[in-house]
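J.: For reference, this is model.cif, and it has mmCIF, C-alpha atoms and all ligand atoms.
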```cif
data_target
#
loop_
_atom_site.label_atom_id
_atom_site.label_comp_id
_atom_site.auth_asym_id
_atom_site.auth_seq_id
_atom_site.Cartn_x
_atom_site.Cartn_y
_atom_site.Cartn_z
CA MET X 29 2.25 -0.09 24.53
CA LYS X 30 5.00 0.48 27.06
CA MET X 31 6.60 3.94 27.12
CA THR X 32 10.02 4.61 28.60
CA LYS X 33 11.58 8.04 28.74
CA ILE X 34 15.26 7.52 27.91
CA TYR X 35 16.42 11.13 27.80
CA GLU X 36 15.03 14.22 29.44
CA GLY X 37 16.71 17.57 28.84
CA ALA X 38 15.75 20.54 26.71
CA HIS X 39 14.27 17.86 24.47
CA GLN X 40 13.19 14.28 25.17
CA TRP X 41 13.58 10.79 23.86
CA VAL X 42 10.87 8.20 24.52
CA MET X 43 11.04 4.53 23.64
CA PHE X 44 7.83 2.64 22.80
CA GLY X 45 7.54 -1.09 22.60
CA ARG X 46 6.45 -4.34 24.19
CA ASP X 47 2.96 -3.83 22.81
CA GLU X 48 0.86 -6.35 24.69
CA ASN X 49 -1.99 -6.20 22.17
CA LYS X 50 -0.03 -6.99 19.04
CA PRO X 51 -0.85 -10.25 17.21
CA ASP X 52 1.52 -13.05 18.29
CA ASN X 53 2.79 -13.76 14.80
CA ILE X 54 4.31 -10.34 14.14
CA ILE X 55 7.65 -9.33 15.59
CA ASP X 56 7.75 -6.93 18.52
CA SER X 57 9.53 -3.71 17.64
CA ASN X 58 10.84 -0.63 19.36
CA GLN X 59 9.76 2.79 18.20
CA TYR X 60 11.33 6.02 19.37
CA ILE X 61 10.31 9.65 19.42
CA VAL X 62 12.39 12.77 19.77
CA ARG X 63 10.26 15.52 21.22
CA THR X 64 11.14 19.23 21.12
CA ALA X 65 8.91 22.13 22.21
CA ASN X 66 6.78 22.16 19.05
CA LYS X 67 7.88 19.20 17.01
CA CYS X 68 8.03 15.48 17.24
CA LEU X 69 10.12 13.03 15.23
CA LEU X 70 9.15 9.37 15.01
CA LEU X 71 12.02 6.95 14.50
CA GLU X 72 11.14 3.59 12.91
CA PRO X 73 7.34 4.23 13.06
CA GLY X 74 6.61 0.52 12.67
CA GLY X 75 4.27 -1.77 10.79
CA THR X 76 0.63 -1.27 9.83
CA GLU X 77 -0.58 -3.41 12.73
CA LEU X 78 1.23 -1.12 15.11
CA PHE X 79 -0.15 2.15 13.81
CA ALA X 80 -3.12 2.57 16.17
CA PRO X 81 -1.35 1.65 19.44
CA MET X 82 1.68 3.69 18.39
CA MET X 83 -0.31 6.79 17.45
CA ALA X 84 -2.34 6.49 20.67
CA ALA X 85 0.89 6.24 22.66
CA VAL X 86 2.42 9.26 20.93
CA LEU X 87 -0.68 11.28 21.85
CA HIS X 88 0.55 11.11 25.46
CA HIS X 89 3.51 13.21 24.35
CA ALA X 90 2.51 15.32 21.36
CA PRO X 91 -0.60 16.41 19.46
CA VAL X 92 -1.03 15.02 15.94
CA GLU X 93 -0.26 18.31 14.23
CA GLN X 94 3.15 18.45 15.92
CA ILE X 95 4.25 15.09 14.54
CA THR X 96 6.28 16.72 11.81
CA ASP X 97 8.98 14.21 10.97
CA LEU X 98 9.35 10.49 10.47
CA PHE X 99 12.54 8.51 10.01
CA ALA X 100 12.97 5.04 8.54
CA SER X 101 16.40 3.38 8.73
CA HIS X 102 15.54 1.10 5.82
CA GLN X 103 12.69 -0.27 3.73
CA ASP X 104 11.43 -3.23 5.75
CA PRO X 105 7.71 -3.56 6.61
CA ASP X 106 8.29 -3.77 10.38
CA VAL X 107 10.03 -0.40 10.08
CA ILE X 108 7.70 1.61 7.89
CA SER X 109 4.69 -0.27 6.46
CA SER X 110 2.46 2.01 8.58
CA LEU X 111 3.45 4.91 6.29
CA GLY X 112 0.17 4.84 4.34
CA LEU X 113 -1.74 5.47 7.55
CA TRP X 114 0.55 8.22 8.86
CA ASP X 115 0.22 9.71 5.40
CA GLN X 116 -3.51 10.12 5.89
CA ALA X 117 -3.27 11.28 9.51
CA LEU X 118 -0.52 13.90 9.26
CA SER X 119 -1.11 17.01 7.23
CA ASN X 120 2.36 18.51 7.24
CA ALA X 121 5.06 15.92 7.71
CA LYS X 122 8.33 14.76 6.20
CA LEU X 123 9.71 11.27 5.94
CA HIS X 124 13.49 11.03 6.12
CA ALA X 125 14.44 7.73 4.53
CA PRO X 126 17.17 6.28 2.30
CA ALA X 127 17.25 7.79 -1.19
CA LEU X 128 17.86 4.36 -2.67
CA TRP X 129 14.63 2.99 -1.23
CA GLU X 130 12.31 5.82 -2.26
CA GLY X 131 10.58 3.91 -5.04
CA TYR X 132 10.12 0.95 -2.72
CA ILE X 133 8.95 2.73 0.42
CA ARG X 134 6.43 4.72 -1.61
CA HIS X 135 4.60 1.41 -2.16
CA PHE X 136 3.35 1.79 1.41
CA GLY X 137 1.54 5.01 0.44
CA CYS X 138 3.20 8.43 0.53
CA GLU X 139 1.05 11.14 -1.00
CA SER X 140 0.80 13.97 1.49
CA ILE X 141 4.00 13.27 3.40
CA GLU X 142 7.11 14.72 1.79
CA TYR X 143 9.77 12.08 1.12
CA VAL X 144 13.16 13.55 2.00
CA PRO X 145 15.74 11.20 0.47
CA ILE X 146 18.85 10.62 2.58
CA PRO X 147 21.98 10.45 0.39
CA ASP X 148 24.41 7.55 0.82
CA ASN X 149 26.80 9.53 3.00
CA GLY X 150 24.10 10.63 5.45
CA GLU X 151 22.98 14.08 6.51
CA THR X 152 21.58 16.06 9.44
CA ILE X 153 17.98 16.33 10.56
CA LYS X 154 17.13 19.58 12.29
CA LEU X 155 14.28 19.44 14.75
CA GLU X 156 13.96 23.00 16.03
CA SER X 157 17.28 23.50 17.86
CA VAL X 158 18.14 19.80 17.99
CA GLU X 159 20.53 18.51 15.36
CA LEU X 160 20.48 14.79 14.73
CA GLN X 161 23.20 13.11 12.70
CA ILE X 162 22.13 10.52 10.17
CA ILE X 163 24.95 8.00 10.10
CA PRO X 164 25.46 5.53 7.24
CA ALA X 165 25.13 1.89 8.29
CA HIS X 166 24.89 0.28 4.86
CA TYR X 167 24.49 -3.50 4.68
CA LEU X 168 23.55 -3.62 8.37
CA HIS X 169 21.39 -5.33 7.39
CA SER X 170 19.81 -3.46 4.50
CA PRO X 171 22.06 -2.40 1.58
CA CYS X 172 21.05 1.21 2.15
CA ASN X 173 20.62 1.82 5.83
CA PHE X 174 21.06 4.65 8.36
CA HIS X 175 21.32 5.19 12.11
CA VAL X 176 20.44 8.32 14.09
CA TYR X 177 22.84 9.90 16.56
CA ASP X 178 21.94 12.61 19.02
CA PRO X 179 25.18 14.12 20.38
CA VAL X 180 23.35 15.96 23.17
CA ALA X 181 21.36 13.01 24.49
CA LYS X 182 24.24 10.70 23.53
CA ILE X 183 21.82 8.21 22.06
CA LEU X 184 22.52 6.16 18.94
CA MET X 185 19.43 4.60 17.38
CA THR X 186 20.85 1.61 15.54
CA GLY X 187 17.87 0.04 13.76
CA SER X 188 18.66 -3.63 13.24
CA VAL X 189 22.12 -3.53 14.85
CA GLY X 190 21.95 -4.70 18.46
CA SER X 191 18.55 -6.24 17.88
CA ALA X 192 17.39 -9.43 19.48
CA TRP X 193 14.22 -11.48 19.06
CA GLU X 194 12.57 -11.34 22.42
CA GLY X 195 9.20 -11.78 24.14
CA ALA X 196 6.79 -8.95 24.83
CA ASN X 197 7.64 -9.00 28.54
CA ALA X 198 11.38 -8.52 28.20
CA PRO X 199 12.89 -5.56 30.10
CA VAL X 200 13.78 -2.57 27.93
CA PHE X 201 17.45 -2.46 28.93
CA VAL X 202 20.06 -5.20 28.85
CA GLU X 203 20.68 -6.23 32.44
CA ARG X 204 23.29 -8.97 32.11
CA PHE X 205 25.27 -8.59 28.94
CA ASP X 206 26.78 -12.07 28.99
CA SER X 207 23.46 -13.84 28.93
CA HIS X 208 21.94 -11.35 26.47
CA VAL X 209 24.57 -12.25 23.90
CA GLU X 210 22.86 -15.56 23.23
CA LYS X 211 19.69 -13.75 22.17
CA MET X 212 21.60 -11.67 19.63
CA ARG X 213 24.12 -14.06 18.13
CA TYR X 214 21.98 -15.85 15.55
CA TYR X 215 20.17 -12.65 14.59
CA HIS X 216 23.41 -10.82 13.82
CA GLN X 217 25.15 -13.72 12.14
CA ARG X 218 22.21 -14.46 9.90
CA MET X 219 20.84 -10.95 9.22
CA MET X 220 24.08 -9.00 8.78
CA PRO X 221 25.63 -9.88 5.43
CA SER X 222 29.06 -8.28 5.49
CA ASN X 223 32.04 -8.36 7.84
CA GLN X 224 33.54 -5.47 5.87
CA ALA X 225 30.43 -3.34 6.38
CA LYS X 226 30.40 -4.22 10.07
CA ARG X 227 34.06 -3.17 10.37
CA ALA X 228 33.43 0.21 8.73
CA TRP X 229 30.45 0.86 10.98
CA ILE X 230 32.29 -0.05 14.18
CA ASP X 231 35.20 2.22 13.24
CA ARG X 232 32.76 5.03 12.70
CA VAL X 233 30.68 4.68 15.85
CA ARG X 234 33.61 4.03 18.18
CA ASN X 235 34.35 7.73 17.78
CA LEU X 236 30.93 8.71 19.07
CA ASP X 237 30.12 9.41 22.69
CA ILE X 238 27.25 6.99 23.30
CA GLU X 239 25.32 6.61 26.52
CA ILE X 240 22.47 4.54 25.07
CA LEU X 241 22.51 2.29 22.03
CA ALA X 242 18.91 1.85 20.98
CA PRO X 243 17.99 -0.95 18.52
CA GLN X 244 14.69 -1.58 16.76
CA HIS X 245 14.08 -4.99 18.32
CA GLY X 246 14.93 -6.27 21.78
CA ARG X 247 16.70 -4.33 24.52
CA MET X 248 18.67 -1.11 24.68
CA PHE X 249 22.29 -0.99 25.87
CA LYS X 250 23.32 1.53 28.49
CA GLY X 251 26.69 2.79 29.76
CA ASP X 252 29.44 0.17 29.67
CA ASP X 253 27.18 -2.31 27.83
CA VAL X 254 27.50 -0.10 24.74
CA LYS X 255 31.23 -0.74 24.55
CA ARG X 256 30.66 -4.40 25.42
CA PHE X 257 28.27 -4.66 22.51
CA LEU X 258 30.70 -3.03 20.07
CA ASP X 259 33.51 -5.38 21.16
CA TRP X 260 31.27 -8.41 20.89
CA PHE X 261 29.96 -7.37 17.45
CA ASP X 262 33.51 -6.60 16.32
CA ALA X 263 34.59 -10.15 17.06
CA LEU X 264 31.53 -11.81 15.55
CA GLN X 265 31.68 -13.43 12.10
CA VAL X 266 28.54 -12.47 10.18
CA GLY X 267 26.95 -13.48 6.89
CA THR X 268 26.48 -17.10 7.88
CA GLY X 269 23.44 -17.70 5.69
CA VAL X 270 25.54 -19.01 2.80
CA MET O 18 -11.40 -6.51 4.38
CA ASN O 19 -15.12 -6.72 5.07
CA SER O 20 -17.52 -8.59 2.80
CA GLN O 21 -19.00 -5.38 1.39
CA THR O 22 -15.58 -4.24 0.15
CA LYS O 23 -14.73 -7.73 -1.05
CA SER O 24 -17.85 -8.00 -3.20
CA GLN O 25 -17.26 -4.50 -4.50
CA PHE O 26 -13.78 -5.54 -5.65
CA ILE O 27 -15.25 -8.66 -7.24
CA ALA O 28 -18.03 -6.73 -8.97
CA VAL O 29 -15.57 -4.27 -10.48
CA ALA O 30 -13.14 -7.00 -11.51
CA SER O 31 -15.95 -9.01 -13.09
CA ILE O 32 -16.81 -6.11 -15.41
CA THR O 33 -13.39 -6.29 -16.99
CA SER O 34 -13.51 -10.04 -17.42
CA GLU O 35 -17.06 -10.11 -18.81
CA LEU O 36 -16.26 -7.27 -21.15
CA SER O 37 -13.15 -8.90 -22.52
CA ALA O 38 -15.40 -11.79 -23.57
CA VAL O 39 -17.81 -9.29 -25.14
CA MET O 40 -14.91 -7.82 -27.08
CA VAL O 41 -13.98 -11.21 -28.52
CA VAL O 42 -17.55 -11.84 -29.58
CA ALA O 43 -17.97 -8.38 -31.09
CA LYS O 44 -14.88 -9.04 -33.20
CA GLU O 45 -16.45 -12.32 -34.28
CA ILE O 46 -19.53 -10.45 -35.46
CA SER O 47 -17.35 -8.08 -37.40
CA LEU O 48 -15.69 -11.06 -39.07
CA ALA O 49 -19.07 -12.67 -39.80
CA ALA O 50 -20.15 -9.42 -41.44
CA ALA O 51 -17.12 -9.39 -43.73
CA ASN O 52 -17.75 -13.01 -44.59
CA ALA O 53 -21.42 -12.32 -45.31
CA LYS O 54 -20.50 -9.41 -47.52
CA ALA O 55 -18.29 -11.65 -49.65
CA ILE O 56 -21.01 -14.28 -49.98
CA ALA O 57 -23.67 -11.70 -50.74
CA PHE O 58 -21.43 -10.23 -53.42
CA ARG O 59 -21.00 -13.63 -55.06
CA ALA O 60 -24.71 -14.36 -54.75
CA GLY O 61 -25.42 -11.13 -56.62
CA ASP O 62 -29.12 -10.54 -57.24
CA LYS O 63 -30.12 -13.57 -55.21
CA ALA O 64 -28.85 -11.89 -52.07
CA LYS O 65 -29.77 -8.30 -52.86
CA GLY O 66 -31.68 -7.91 -49.61
CA PHE O 67 -28.74 -9.26 -47.71
CA GLN O 68 -26.15 -6.73 -48.85
CA PRO O 69 -27.29 -3.69 -46.83
CA ILE O 70 -27.72 -5.97 -43.82
CA THR O 71 -24.04 -6.93 -43.87
CA ASP O 72 -23.03 -3.27 -43.70
CA PHE O 73 -25.40 -2.81 -40.84
CA ILE O 74 -23.98 -5.79 -38.94
CA ASN O 75 -20.47 -4.49 -39.46
CA GLU O 76 -21.43 -1.03 -38.23
CA LEU O 77 -23.06 -2.52 -35.15
CA ALA O 78 -20.01 -4.63 -34.36
CA LYS O 79 -17.73 -1.59 -34.71
CA GLU O 80 -19.91 0.48 -32.42
CA THR O 81 -20.01 -2.28 -29.83
CA ILE O 82 -16.22 -2.55 -29.85
CA GLU O 83 -15.94 1.18 -29.41
CA LEU O 84 -18.42 1.21 -26.54
CA VAL O 85 -16.71 -1.65 -24.78
CA THR O 86 -13.31 0.02 -25.18
CA ASN O 87 -14.69 3.11 -23.46
CA ILE O 88 -16.32 1.07 -20.74
CA ASN O 89 -13.04 -0.72 -20.07
CA VAL O 90 -11.31 2.59 -19.47
CA TYR O 91 -14.12 3.53 -17.15
CA ALA O 92 -13.98 0.19 -15.36
CA LEU O 93 -10.29 0.76 -14.66
CA LEU O 94 -11.13 4.11 -13.09
CA LEU O 95 -13.79 2.41 -11.04
CA TYR O 96 -11.25 -0.16 -9.89
CA ARG O 97 -8.85 2.59 -8.80
CA LEU O 98 -11.69 4.29 -6.97
CA THR O 99 -12.48 1.04 -5.18
CA VAL O 100 -8.84 0.67 -4.12
CA ASN O 101 -8.83 4.23 -2.88
CA GLU O 102 -12.10 3.80 -1.03
CA TYR O 103 -10.72 0.67 0.60
CA ARG O 104 -7.58 2.54 1.66
CA ARG O 105 -9.58 5.47 3.01
CA THR O 106 -12.00 3.26 4.90
CA ALA O 107 -9.17 1.22 6.40
CA ALA O 108 -7.49 4.44 7.59
CA TYR O 109 -10.72 5.77 9.05
CA ASN O 110 -11.21 2.53 11.00
CA ARG O 111 -7.65 2.69 12.33
CA PHE O 112 -8.12 6.31 13.36
CA GLU O 113 -11.22 5.35 15.33
CA GLN O 114 -9.13 2.67 16.99
CA VAL O 115 -6.56 5.34 17.91
CA ALA O 116 -9.28 7.44 19.55
CA LYS O 117 -10.39 4.46 21.63
CA LEU O 118 -6.84 3.56 22.69
CA ALA O 119 -5.89 7.17 23.40
CA VAL O 120 -8.61 7.83 25.99
CA GLY O 121 -6.93 9.71 28.82
CA ALA O 122 -3.90 10.74 26.74
CA GLU O 123 -3.00 14.41 27.10
CA TYR O 124 -3.34 15.13 23.38
CA ALA O 125 -6.12 12.63 22.57
CA ASP O 126 -8.36 15.44 21.27
CA SER O 127 -5.93 16.36 18.52
CA MET O 128 -7.01 13.17 16.75
CA GLN O 129 -10.52 14.51 16.21
CA GLU O 130 -9.60 16.57 13.17
CA PRO O 131 -7.86 13.77 11.25
CA ILE O 132 -10.81 11.50 12.09
CA ALA O 133 -13.36 14.01 10.79
CA GLN O 134 -11.27 14.57 7.67
CA ALA O 135 -10.85 10.86 7.01
CA LYS O 136 -14.60 10.38 7.40
CA THR O 137 -15.40 13.12 4.87
CA ILE O 138 -12.94 11.72 2.34
CA MET O 139 -14.27 8.18 2.84
CA GLN O 140 -17.85 9.32 2.31
CA ASP O 141 -16.84 11.32 -0.78
CA CYS O 142 -15.26 8.16 -2.19
CA GLN O 143 -18.43 6.18 -1.52
CA ARG O 144 -20.60 8.81 -3.22
CA GLN O 145 -18.24 9.04 -6.17
CA PHE O 146 -18.34 5.26 -6.54
CA LYS O 147 -22.13 5.25 -6.62
CA ARG O 148 -22.18 8.06 -9.18
CA ASP O 149 -19.70 6.26 -11.39
CA VAL O 150 -21.52 2.96 -11.12
CA THR O 151 -24.75 4.62 -12.20
CA GLN O 152 -23.01 6.06 -15.23
CA LEU O 153 -21.37 2.75 -16.07
CA LEU O 154 -24.74 1.02 -15.88
CA GLY O 155 -25.97 3.51 -18.48
CA GLN O 156 -23.09 2.61 -20.79
CA LEU O 157 -23.74 -1.09 -20.31
CA GLU O 158 -27.37 -0.46 -21.20
CA ALA O 159 -26.19 0.96 -24.54
CA VAL O 160 -24.27 -2.26 -25.25
CA MET O 161 -27.40 -4.29 -24.42
CA HIS O 162 -29.30 -2.13 -26.85
CA HIS O 163 -26.80 -2.98 -29.57
CA ALA O 164 -27.07 -6.67 -28.73
CA ARG O 165 -30.85 -6.53 -29.05
CA ALA O 166 -30.56 -4.74 -32.36
CA ALA O 167 -28.14 -7.39 -33.59
CA ARG O 168 -30.66 -10.10 -32.79
CA VAL O 169 -33.35 -8.33 -34.77
CA ILE O 170 -30.93 -8.04 -37.68
CA ALA O 171 -30.11 -11.71 -37.38
CA ALA O 172 -33.79 -12.56 -37.67
CA ASN O 173 -34.11 -10.39 -40.79
CA SER O 174 -30.98 -11.99 -42.22
CA ARG O 175 -32.56 -15.39 -41.91
CA ILE O 176 -35.55 -14.26 -43.95
CA GLU O 177 -33.31 -12.76 -46.61
CA ALA O 178 -31.14 -15.85 -46.62
CA SER O 179 -34.11 -18.06 -47.38
CA GLN O 180 -34.38 -16.31 -50.77
CA ALA O 181 -30.74 -16.76 -51.68
CA GLY O 182 -31.02 -20.11 -53.39
CA GLU O 183 -27.78 -22.11 -53.27
CA TYR O 184 -26.33 -19.49 -50.91
CA LEU O 185 -29.02 -20.19 -48.38
CA GLN O 186 -26.87 -22.32 -46.14
CA SER O 187 -23.86 -20.07 -45.90
CA LEU O 188 -25.96 -16.96 -45.35
CA GLN O 189 -28.02 -18.74 -42.76
CA ALA O 190 -24.81 -19.67 -40.97
CA VAL O 191 -23.90 -15.98 -40.91
CA ALA O 192 -27.26 -15.09 -39.42
CA GLU O 193 -26.80 -17.88 -36.90
CA SER O 194 -23.40 -16.69 -35.77
CA VAL O 195 -24.59 -13.09 -35.42
CA ASP O 196 -27.50 -14.27 -33.34
CA LYS O 197 -25.31 -16.41 -31.12
CA ALA O 198 -22.82 -13.62 -30.63
CA ALA O 199 -25.54 -11.13 -29.77
CA HIS O 200 -26.89 -13.60 -27.27
CA THR O 201 -23.51 -13.98 -25.56
CA ILE O 202 -23.01 -10.22 -25.41
CA HIS O 203 -26.45 -9.79 -23.94
CA ASP O 204 -25.83 -12.41 -21.24
CA ASN O 205 -22.38 -11.16 -20.27
CA VAL O 206 -23.44 -7.56 -20.04
CA GLN O 207 -26.49 -8.58 -18.07
CA ARG O 208 -24.25 -10.30 -15.53
CA CYS O 209 -22.16 -7.12 -15.18
CA ARG O 210 -25.28 -5.08 -14.61
CA ILE O 211 -26.59 -7.41 -11.94
CA ALA O 212 -23.23 -7.42 -10.13
CA LEU O 213 -23.14 -3.63 -10.16
CA SER O 214 -26.76 -2.73 -9.66
CA ILE O 215 -26.62 -3.04 -5.86
CA TYR O 216 -24.13 -0.15 -5.78
CA ARG O 217 -26.08 2.28 -7.97
CA ASN O 218 -27.52 5.56 -6.71
CA SER O 219 -30.91 4.83 -5.25
FE FE U 1 14.97 -5.04 8.46
#
```
Re-express the file's structure as structure tokens.
Ligand SMILES: [Fe+2]

T.:
Amino acid sequence: MKMTKIYEGAHQWVMFGRDENKPDNIIDSNQYIVRTANKCLLLEPGGTELFAPMMAAVLHHAPVEQITDLFASHQDPDVISSLGLWDQALSNAKLHAPALWEGYIRHFGCESIEYVPIPDNGETIKLESVELQIIPAHYLHSPCNFHVYDPVAKILMTGSVGSAWEGANAPVFVERFDSHVEKMRYYHQRMMPSNQAKRAWIDRVRNLDIEILAPQHGRMFKGDDVKRFLDWFDALQVGTGV
Amino acid sequence: MNSQTKSQFIAVASITSELSAVMVVAKEISLAAANAKAIAFRAGDKAKGFQPITDFINELAKETIELVTNINVYALLLYRLTVNEYRRTAAYNRFEQVAKLAVGAEYADSMQEPIAQAKTIMQDCQRQFKRDVTQLLGQLEAVMHHARAARVIAANSRIEASQAGEYLQSLQAVAESVDKAAHTIHDNVQRCRIALSIYRNS
């Protein structure tokens, strides 16, 4: 599992992905952690197959007992099907996940972890002194869906938005936006159901100061590429499956 | 899923399916008893010896149904336990994998406690399963006992039937059906016991 530190200040952000040992037939995904002095938050912990490499990778940054919080943007298996295993490994943790999906996500196993339901209009997660904003991103692509914004690190974790289906050797950042577009187009057109939802989300996030836009699959966008992505997505017609 | 877990799932699932067949047959016996009672009543003195037997058959069928109902509840618990054991074992195996992959990681040692805990829970599940299987085998033994008793009764019924004159044939048919049913129960329960016996407490 490749680890890339994407923010280093009073707290840290680390991106995990490009797992070279994962079976070929499951999609590669990006996981993120936010690390403070005594706590660690896992964003999009990943699928069951990813649990062992992910946990082992996190142990480079935090001891098990300090993994106190998990976040799932939506209910899909590549996002959170590892929950049943985290549930047995962590003795004192919370899962922040959409309220609407509680009955669904619990199918993955959630006995010792506390499910903290995120209401439709979002909320704030406090990790020691770090305050993370949970931003609604409904219908992108899941009907109840959230992104995580860190105003200090200026990172927006966007789950499915900005994702691309890429190989395990792909670089972690977009290098040439124009050619990267081709890797994202079909994904966004097919997976995102609503132009109206897209519009509302873009209006909301254009007001945020974003240095890194960090999706769950594919590459992250840095600096000017963030704005390029928002412009591109703004102009794209989505919901092409019907 | 390894083959040990797989066969454990199959063994537990087979109890429920075998027992549902037992239930059907036990209800058949109960029906045969009611039928026999009616015939014996009509036969009057000619079937005097048969009358108490019909009550006995009925009682036996009722007890078997009750036993099987209890066992079914128990089998469901056993199934849940198997699912839980599977889940716990899978987690333990993944945790071991974490320890292997985390060699050299700064906080690798922190995984030791969850591993030890997972191991204890997994072993508790295995012990509990063995305990419960042993108990279930005891309950199945009781059903077998009933089946054997039913066969003895069927044999007696045949003797009594032979003295019932023109009712001979219908009473013999009753004895026959009780015997057949008892046989089926015996065989089905025996299959359950064989499937489970490898998991009992040694
Ligand atoms: Fe998804």

J.: Can you tell me which residues sit at most 10 Å away from ligand FE 1 (chain U), counting all atoms listed in the file, written as a short mmCIF file (atom, residue, chain, number, x, y, z; two decimals) with C-alpha atoms, in the coordinates of the input?

T.:
```cif
data_model
loop_
_atom_site.label_atom_id
_atom_site.label_comp_id
_atom_site.auth_asym_id
_atom_site.auth_seq_id
_atom_site.Cartn_x
_atom_site.Cartn_y
_atom_site.Cartn_z
CA SER X 101 16.40 3.38 8.73
CA HIS X 102 15.54 1.10 5.82
CA GLN X 103 12.69 -0.27 3.73
CA ASP X 104 11.43 -3.23 5.75
CA PRO X 105 7.71 -3.56 6.61
CA ASP X 106 8.29 -3.77 10.38
CA VAL X 107 10.03 -0.40 10.08
CA ILE X 108 7.70 1.61 7.89
CA LEU X 168 23.55 -3.62 8.37
CA HIS X 169 21.39 -5.33 7.39
CA SER X 170 19.81 -3.46 4.50
CA ASN X 173 20.62 1.82 5.83
CA GLY X 187 17.87 0.04 13.76
CA SER X 188 18.66 -3.63 13.24
CA VAL X 189 22.12 -3.53 14.85
CA MET X 219 20.84 -10.95 9.22
CA MET X 220 24.08 -9.00 8.78
CA GLN X 244 14.69 -1.58 16.76
CA HIS X 245 14.08 -4.99 18.32
#
```

J.: Between X:Lys50, X:His88, X:Arg213, X:His175, which residue has the minimum interatomic distance to Phe257 of chain X, considering only C-alpha atoms?

T.: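 Answer, going by the shortest atom-to-atom distance: X:Arg213.
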
J.: Compute the chain X side of the contact with chain O at 9 Å, counting all atoms listed in the file, and hand it back as an NGL selection string.

T.: :X and (79-93 or 112-114 or 116-119)

J.: Report as a PDB file with C-alpha atoms, in the frame of the given file all protein, DNA and RNA residues lying within 9 Å of Ala225 of chain X, evaluated on only C-alpha atoms, omitting residues in the same chain fewer than 2 positions from it.

T.:
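Saved the output as selection_14.pdb:
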```pdb
ATOM      1  CA  ALA X 165      25.130   1.890   8.290  1.00  0.00           C
ATOM      2  CA  HIS X 166      24.890   0.280   4.860  1.00  0.00           C
ATOM      3  CA  TYR X 167      24.490  -3.500   4.680  1.00  0.00           C
ATOM      4  CA  LEU X 168      23.550  -3.620   8.370  1.00  0.00           C
ATOM      5  CA  MET X 220      24.080  -9.000   8.780  1.00  0.00           C
ATOM      6  CA  PRO X 221      25.630  -9.880   5.430  1.00  0.00           C
ATOM      7  CA  SER X 222      29.060  -8.280   5.490  1.00  0.00           C
ATOM      8  CA  ASN X 223      32.040  -8.360   7.840  1.00  0.00           C
ATOM      9  CA  ARG X 227      34.060  -3.170  10.370  1.00  0.00           C
ATOM     10  CA  ALA X 228      33.430   0.210   8.730  1.00  0.00           C
ATOM     11  CA  TRP X 229      30.450   0.860  10.980  1.00  0.00           C
ATOM     12  CA  ILE X 230      32.290  -0.050  14.180  1.00  0.00           C
TER      13      ILE X 230
END
```

J.: For Leu71 of chain X, which of X:Glu139, X:Asp259, X:Asp97, X:Asp56 is the closest residue, counting only C-alpha atoms?

T.: X:Asp97

J.: Let me make sure I understand: among O:Ala78, O:Leu94, O:Ile215, O:Ile170, which one has the smallest atom-to-atom distance to Val41 of chain O if we use all atoms listed in the file?

T.: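 So, comparing all the options, the nearest one is O:Ala78.
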
J.: So how far away is atom CA of Thr76 of chain X from atom CA of Pro145 of chain X, in Å?

T.: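 Between these atoms lies a distance of 21.7 Å.
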
J.: Given all atoms listed in the file as the basis, pick out the residue of O:Arg217, O:Arg168, O:Lys63, O:His162 nearest to Gly182 of chain O.

T.: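 Using all atoms listed in the file, the shortest distance to Gly182 of chain O belongs to O:Lys63.
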
J.: So how far away is atom CA of Val144 of chain X from atom CA of Ser110 of chain X, in Å?

T.: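 Separation of atom CA of Ser110 of chain X and atom CA of Val144 of chain X: 17.1 Å.
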
J.: To one decimal place, how far is atom CA of Val42 of chain O from atom CA of Val160 of chain O in Å?

T.: 12.5 Å

J.: Taking (14.5, 4.9, 17.8) in the file's coordinates as the center, which residues reach within 9 Å of it, counting only C-alpha atoms, put as a PyMOL selection string?

T.: chain X and resi 41-44+58-62+70-73+99+175-176+184-187+242-244

J.: Could you pull the residues within 7 Å of Gln217 of chain X, counting only C-alpha atoms, minus those fewer than 3 positions along the same chain, as a tab-separated table (two decimals) with C-alpha atoms, in the frame of the given file?

T.:
```
chain	number	residue	atom	x	y	z
X	213	ARG	CA	24.12	-14.06	18.13
X	214	TYR	CA	21.98	-15.85	15.55
X	220	MET	CA	24.08	-9.00	8.78
X	265	GLN	CA	31.68	-13.43	12.10
X	266	VAL	CA	28.54	-12.47	10.18
X	267	GLY	CA	26.95	-13.48	6.89
X	268	THR	CA	26.48	-17.10	7.88
```

J.: As an mmCIF file with C-alpha atoms, keeping the file's coordinate frame, please: the residues near His208 of chain X (cut-off 9 Å, all atoms listed in the file, same-chain neighbours under 6 positions excluded).

T.:
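Saved file part30.cif follows:
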```cif
data_model
loop_
_atom_site.group_PDB
_atom_site.id
_atom_site.type_symbol
_atom_site.label_atom_id
_atom_site.label_comp_id
_atom_site.auth_asym_id
_atom_site.auth_seq_id
_atom_site.Cartn_x
_atom_site.Cartn_y
_atom_site.Cartn_z
ATOM 1 C CA ALA X 192 17.390 -9.430 19.480
ATOM 2 C CA VAL X 202 20.060 -5.200 28.850
ATOM 3 C CA ARG X 247 16.700 -4.330 24.520
#
```

J.: Set the distance at 7 Å and use all atoms listed in the file: which residues neighbour Phe136 of chain X once local chain neighbours fewer than 2 positions away are removed? I'd like the list as a ChimeraX atom specification.

T.: /X:109,111-112,133-134,138

J.: Could you write out as AutoDock Vina command-line options the box around segment 127-143 of chain X (axis-aligned, all atoms listed in the file, 3 Å on each side), with centre and edge lengths in Å to one decimal?

T.:
```
--center_x 9.3 --center_y 7.8 --center_z -0.8 --size_x 23.1 --size_y 19.8 --size_z 14.4
```
